[in-house]
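Colleague: What follows is a structure written as structure tokens; I'll ask about it next.
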Protein chains: 2
Amino acid sequence: MKLTFSPSSPFARKVRICAIELGLIDKIEFIPTTVAPGTPNEKYTHDISPLRKLPALILDDGTVIVDSYVICEYLDDLAGGGKLIPASGIARWKVKSEHAMLQGMLDAMLLCRYESMLRPEAQRWQTWYDDQWDRAWQGFARFEAQPDVLARPLDITQIALTCALGYADFRFPDCGWRNSFPKLAAFYATMSQRPSVQASAPPKA
Amino acid sequence: MKLTFSPSSPFARKVRICAIELGLIDKIEFIPTTVAPGTPNEKYTHDISPLRKLPALILDDGTVIVDSYVICEYLDDLAGGGKLIPASGIARWKVKSEHAMLQGMLDAMLLCRYESMLRPEAQRWQTWYDDQWDRAWQGFARFEAQPDVLARPLDITQIALTCALGYADFRFPDCGWRNSFPKLAAFYATMSQRPSVQASAPPKA
């Protein structure tokens with residue numbers, strides 16, 4: 001299998017952590033790829049995905065699988081199923097919902113990044129930035145209030161939460177999330193000891 | 001169960017179509033809800049979802065499930081499983097990947113809508129709009145080139161594709177997708193005969 005990725009993509013990081021934790025990392029060839037809104041990339045559009053997002057998984061028969069969550073679930077299934085995503089019952093739906101929330105929080109943080117770095121300065125709209133940032137922030141507050149989620153055996157929610165907090169450190173280093181969310185800070189410190197989390201850390205900003 | 005929804009949300013429409021096709025529509029109470037980027041909604045943020053997106057499913061025990069795809073998969077499971085999403089094998093991953101692509105296409109179309117209608121005129125950035133629109137458009141081109149996907153028994157890919165094309169009609173009526181994608185036009189005409197598609201049609205723009 002091949003995975004298109006960038007070291008700075010939190011979505012690709014999530015897949016890398018899952019692959020390591022599931023013991024599948026050696027089965028994946030990593031293809032460094034650059035995509036950015038506003039920059040055409042015809043080859044990626046046509047060969048991989050018209051969404052021009054990272055990561056995408058390319059199976060040995062050429063089948064392309066998007067997005068990062070579907071890839072993680074595919075890898076979990078490949079590893080026997082029920083490893084990082086509960087196989088059945090209400091726990092399955094709670095974890096899938098928690099993960100979808102984290103996916104939306106990361107989308108919101110990326111929109112903030114595009115608003116403040118990619119968009120020409122005169123075309124920036126603070127109301128949009130503030131609204132997107134608040135989605136991520138309120139989402140973190142939601143997880144801060146759920147210590148049971150933070151203390152469970154490793155799952156996709158915890159991995160995605162780690163990637164979201166790591167992305168906050170990487171792109172919004174002054175946001176002060178550790179002061180506002182001390183339980184998340186302790187959780188992140190523990191997660192940061194895992195080799196999978198260390199190996200996938202983004203480059204220095 | 002309760003579902004927060006708006007008649008104009010293509011994501012809520014997808015859930016409604018799935019619920020009708022799965023025979024579960026009578027088990028869901030629909031809660032009309034208004035959310036918009038830049039408009040605070042503390043109650044929705046705290047009671048339902050910090051992402052402030054539609055739809056969200058509220059189970060009888062109070063558990064909130066997001067996002068639209070997770071809700072559809074939950075409903076499919078509730079109906080016995082494997083109805084609109086293949087239960088196993090490579091077909092499962094292809095459908096999940098196709099759906100994720102359509103989800104991304106709809107996200108891109110919504111970003112175009114926000115860019116051209118919500119954002120103050122002086123802060124609009126045509127490069128962003130064009131890039132997001134191209135993602136949706138190239139996505140449609142991808143499905144136009146896959147007649148097997150359009151001809152399968154009903155599944156979540158076809159339902160999401162119908163919602164994306166319906167959203168194009170609703171919010172981008174002059175985009176001319178039928179001229180560019182005649183196979184999608186024939187597919188959409190067939191899908192539009194289904195009572196589930198008719199019952200969930202957005203209001204007149």
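Letters A, B, ... mark the chains of the structure tokens in the order given; residue numbers begin at 1 per chain; ligand numbers begin at 1, in order shown.
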Got a sec: who's within 12 Å of A:Lys204, counting only C-alpha atoms, leaving out chain neighbours fewer than 5 positions off, as a list of chain:residue names?

Modeller: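 Surrounding residues, per the criterion: A:Pro7, A:Ser8, A:Gly166, A:Tyr167, A:Asp169, A:Phe170, A:Arg171, A:Pro173.
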
Colleague: Could you pull the residues within 6 Å of stretch 48-55 of chain B, counting only C-alpha atoms, minus those fewer than 2 positions along the same chain, as a PyMOL selection string?

Modeller: (chain A and resi 135+138-139) or (chain B and resi 4-5+12+44-46)

Colleague: As a compact mmCIF listing (two decimals) with C-alpha atoms, in the first residue's frame, please: chain B after a least-squares superposition onto chain A using all C-alpha atoms matched in order.

Modeller:
# COMPACT_ATOMS: atom_id res chain seq x y z
CA MET B 1 -0.01 0.02 -0.01
CA LYS B 2 1.03 3.61 -0.51
CA LEU B 3 -0.04 6.66 1.47
CA THR B 4 0.17 10.22 0.20
CA PHE B 5 1.16 12.38 3.14
CA SER B 6 2.88 15.48 4.38
CA PRO B 7 4.73 15.66 7.73
CA SER B 8 2.67 18.72 8.66
CA SER B 9 -0.78 17.18 7.96
CA PRO B 10 -2.62 16.27 11.18
CA PHE B 11 -4.90 13.97 9.15
CA ALA B 12 -1.93 12.05 7.75
CA ARG B 13 -0.43 11.94 11.24
CA LYS B 14 -3.53 10.21 12.55
CA VAL B 15 -3.19 7.49 9.91
CA ARG B 16 0.52 7.08 10.66
CA ILE B 17 -0.15 6.67 14.40
CA CYS B 18 -2.89 4.14 13.70
CA ALA B 19 -0.62 2.22 11.31
CA ILE B 20 2.14 2.05 13.91
CA GLU B 21 -0.21 1.06 16.74
CA LEU B 22 -1.80 -1.62 14.55
CA GLY B 23 1.55 -3.07 13.51
CA LEU B 24 0.98 -2.20 9.85
CA ILE B 25 3.52 0.57 9.35
CA ASP B 26 5.95 -1.64 7.40
CA LYS B 27 3.28 -2.47 4.85
CA ILE B 28 2.85 1.17 3.82
CA GLU B 29 5.09 3.15 1.49
CA PHE B 30 4.85 6.85 2.30
CA ILE B 31 4.67 9.25 -0.65
CA PRO B 32 5.53 12.83 0.34
CA THR B 33 2.99 15.08 -1.36
CA THR B 34 2.29 18.80 -1.41
CA VAL B 35 -1.23 20.19 -1.84
CA ALA B 36 -2.57 23.65 -1.02
CA PRO B 37 -5.87 25.41 -1.71
CA GLY B 38 -5.52 27.74 -4.67
CA THR B 39 -2.58 25.81 -6.12
CA PRO B 40 -3.61 23.61 -9.07
CA ASN B 41 -2.45 20.01 -8.95
CA GLU B 42 -3.86 18.24 -11.99
CA LYS B 43 -1.93 15.06 -11.42
CA TYR B 44 -3.23 14.59 -7.88
CA THR B 45 -6.73 15.61 -8.96
CA HIS B 46 -6.86 12.99 -11.69
CA ASP B 47 -4.70 10.18 -10.29
CA ILE B 48 -5.65 10.36 -6.62
CA SER B 49 -8.49 12.62 -5.49
CA PRO B 50 -10.35 15.64 -6.89
CA LEU B 51 -10.55 16.92 -3.30
CA ARG B 52 -6.75 17.37 -3.36
CA LYS B 53 -6.51 16.46 0.31
CA LEU B 54 -4.03 14.39 2.26
CA PRO B 55 -3.81 11.55 3.04
CA ALA B 56 -5.02 9.03 0.46
CA LEU B 57 -4.32 5.31 0.61
CA ILE B 58 -3.53 3.53 -2.67
CA LEU B 59 -4.05 -0.22 -2.47
CA ASP B 60 -1.88 -2.61 -4.46
CA ASP B 61 -4.64 -3.05 -7.06
CA GLY B 62 -4.78 0.72 -7.58
CA THR B 63 -7.94 1.35 -5.55
CA VAL B 64 -7.72 4.77 -3.87
CA ILE B 65 -9.26 5.15 -0.42
CA VAL B 66 -10.10 8.53 1.14
CA ASP B 67 -10.46 10.11 3.73
CA SER B 68 -8.26 9.74 6.80
CA TYR B 69 -11.02 8.19 8.89
CA VAL B 70 -11.98 5.63 6.26
CA ILE B 71 -8.29 4.76 5.91
CA CYS B 72 -7.95 4.27 9.69
CA GLU B 73 -11.04 2.07 9.77
CA TYR B 74 -9.69 0.08 6.82
CA LEU B 75 -6.39 -0.45 8.60
CA ASP B 76 -8.20 -1.44 11.80
CA ASP B 77 -10.17 -4.00 9.80
CA LEU B 78 -6.97 -5.25 8.16
CA ALA B 79 -5.49 -5.76 11.64
CA GLY B 80 -8.43 -7.93 12.67
CA GLY B 81 -11.04 -5.31 13.56
CA GLY B 82 -12.10 -3.76 16.85
CA LYS B 83 -8.58 -2.63 17.75
CA LEU B 84 -8.90 1.17 17.71
CA ILE B 85 -12.64 1.38 16.92
CA PRO B 86 -15.04 -0.73 18.99
CA ALA B 87 -16.49 -3.47 16.78
CA SER B 88 -20.08 -3.19 17.97
CA GLY B 89 -22.54 -1.77 20.46
CA ILE B 90 -23.12 1.79 21.59
CA ALA B 91 -19.37 2.18 22.26
CA ARG B 92 -18.81 1.93 18.50
CA TRP B 93 -21.17 4.80 17.73
CA LYS B 94 -19.88 6.97 20.55
CA VAL B 95 -16.31 6.60 19.34
CA LYS B 96 -17.27 7.21 15.71
CA SER B 97 -19.19 10.32 16.74
CA GLU B 98 -16.34 11.59 18.93
CA HIS B 99 -13.97 11.06 16.05
CA ALA B 100 -16.27 12.91 13.63
CA MET B 101 -16.30 15.82 16.07
CA LEU B 102 -12.50 15.86 16.17
CA GLN B 103 -12.40 15.69 12.39
CA GLY B 104 -14.64 18.77 12.29
CA MET B 105 -12.46 20.51 14.87
CA LEU B 106 -9.38 19.88 12.74
CA ASP B 107 -11.22 21.09 9.63
CA ALA B 108 -12.07 24.28 11.53
CA MET B 109 -8.45 24.74 12.64
CA LEU B 110 -7.28 24.29 9.04
CA LEU B 111 -9.80 26.90 7.89
CA CYS B 112 -8.31 29.27 10.50
CA ARG B 113 -4.84 28.53 9.17
CA TYR B 114 -5.92 29.23 5.58
CA GLU B 115 -7.72 32.39 6.66
CA SER B 116 -4.70 33.80 8.48
CA MET B 117 -1.84 32.55 6.30
CA LEU B 118 -3.01 31.68 2.78
CA ARG B 119 -5.70 34.26 2.05
CA PRO B 120 -4.48 37.72 1.01
CA GLU B 121 -4.54 40.01 4.05
CA ALA B 122 -7.16 42.38 2.65
CA GLN B 123 -9.60 39.50 2.11
CA ARG B 124 -9.51 38.10 5.63
CA TRP B 125 -12.69 38.10 7.68
CA GLN B 126 -12.18 38.03 11.43
CA THR B 127 -15.75 36.87 12.13
CA TRP B 128 -15.09 33.69 10.12
CA TYR B 129 -11.77 33.04 11.84
CA ASP B 130 -13.26 33.56 15.29
CA ASP B 131 -16.22 31.31 14.55
CA GLN B 132 -14.05 28.47 13.23
CA TRP B 133 -11.60 28.79 16.09
CA ASP B 134 -14.44 28.73 18.61
CA ARG B 135 -15.67 25.43 17.17
CA ALA B 136 -12.30 23.83 17.84
CA TRP B 137 -11.99 25.47 21.24
CA GLN B 138 -15.49 24.47 22.39
CA GLY B 139 -14.72 20.99 21.11
CA PHE B 140 -11.64 20.80 23.31
CA ALA B 141 -13.78 22.01 26.22
CA ARG B 142 -16.16 19.13 25.52
CA PHE B 143 -13.34 16.57 25.79
CA GLU B 144 -11.88 18.29 28.88
CA ALA B 145 -15.22 17.54 30.55
CA GLN B 146 -15.05 13.80 29.67
CA PRO B 147 -12.23 12.28 31.75
CA ASP B 148 -13.54 8.78 30.95
CA VAL B 149 -12.76 9.33 27.26
CA LEU B 150 -9.19 10.33 28.15
CA ALA B 151 -8.63 7.32 30.42
CA ARG B 152 -9.88 4.52 28.17
CA PRO B 153 -7.60 2.04 26.44
CA LEU B 154 -6.10 3.55 23.27
CA ASP B 155 -8.65 4.26 20.55
CA ILE B 156 -9.17 6.42 17.47
CA THR B 157 -10.74 9.23 19.53
CA GLN B 158 -7.62 9.56 21.65
CA ILE B 159 -5.37 9.41 18.59
CA ALA B 160 -7.39 12.10 16.79
CA LEU B 161 -7.47 14.25 19.93
CA THR B 162 -3.69 13.95 20.19
CA CYS B 163 -3.33 15.04 16.55
CA ALA B 164 -5.65 18.01 17.11
CA LEU B 165 -3.75 19.14 20.22
CA GLY B 166 -0.45 18.59 18.42
CA TYR B 167 -1.75 20.69 15.54
CA ALA B 168 -2.65 23.44 18.01
CA ASP B 169 0.95 23.39 19.27
CA PHE B 170 2.29 23.34 15.70
CA ARG B 171 0.20 26.11 14.12
CA PHE B 172 -1.32 28.04 17.04
CA PRO B 173 1.47 27.89 19.64
CA ASP B 174 0.17 30.89 21.59
CA CYS B 175 -3.44 29.73 21.98
CA GLY B 176 -2.84 28.59 25.55
CA TRP B 177 -4.88 25.38 25.47
CA ARG B 178 -2.88 23.81 28.30
CA ASN B 179 -3.90 26.58 30.71
CA SER B 180 -7.56 26.27 29.78
CA PHE B 181 -7.67 22.47 29.61
CA PRO B 182 -5.43 20.93 32.28
CA LYS B 183 -6.88 17.43 31.86
CA LEU B 184 -6.14 17.52 28.14
CA ALA B 185 -2.61 18.70 28.99
CA ALA B 186 -2.05 15.66 31.23
CA PHE B 187 -3.58 13.37 28.60
CA TYR B 188 -1.36 14.86 25.89
CA ALA B 189 1.76 14.47 28.03
CA THR B 190 0.98 10.78 28.50
CA MET B 191 0.17 10.24 24.81
CA SER B 192 3.40 12.02 23.83
CA GLN B 193 5.39 9.21 25.42
CA ARG B 194 4.14 6.73 22.82
CA PRO B 195 6.68 5.98 20.08
CA SER B 196 3.90 6.31 17.46
CA VAL B 197 3.17 9.85 18.58
CA GLN B 198 6.84 10.76 18.72
CA ALA B 199 7.64 9.27 15.31
CA SER B 200 4.82 11.22 13.64
CA ALA B 201 5.43 14.62 15.26
CA PRO B 202 5.22 17.54 12.82
CA PRO B 203 8.42 19.40 11.92
CA LYS B 204 9.44 22.45 13.93
CA ALA B 205 7.13 25.29 12.87
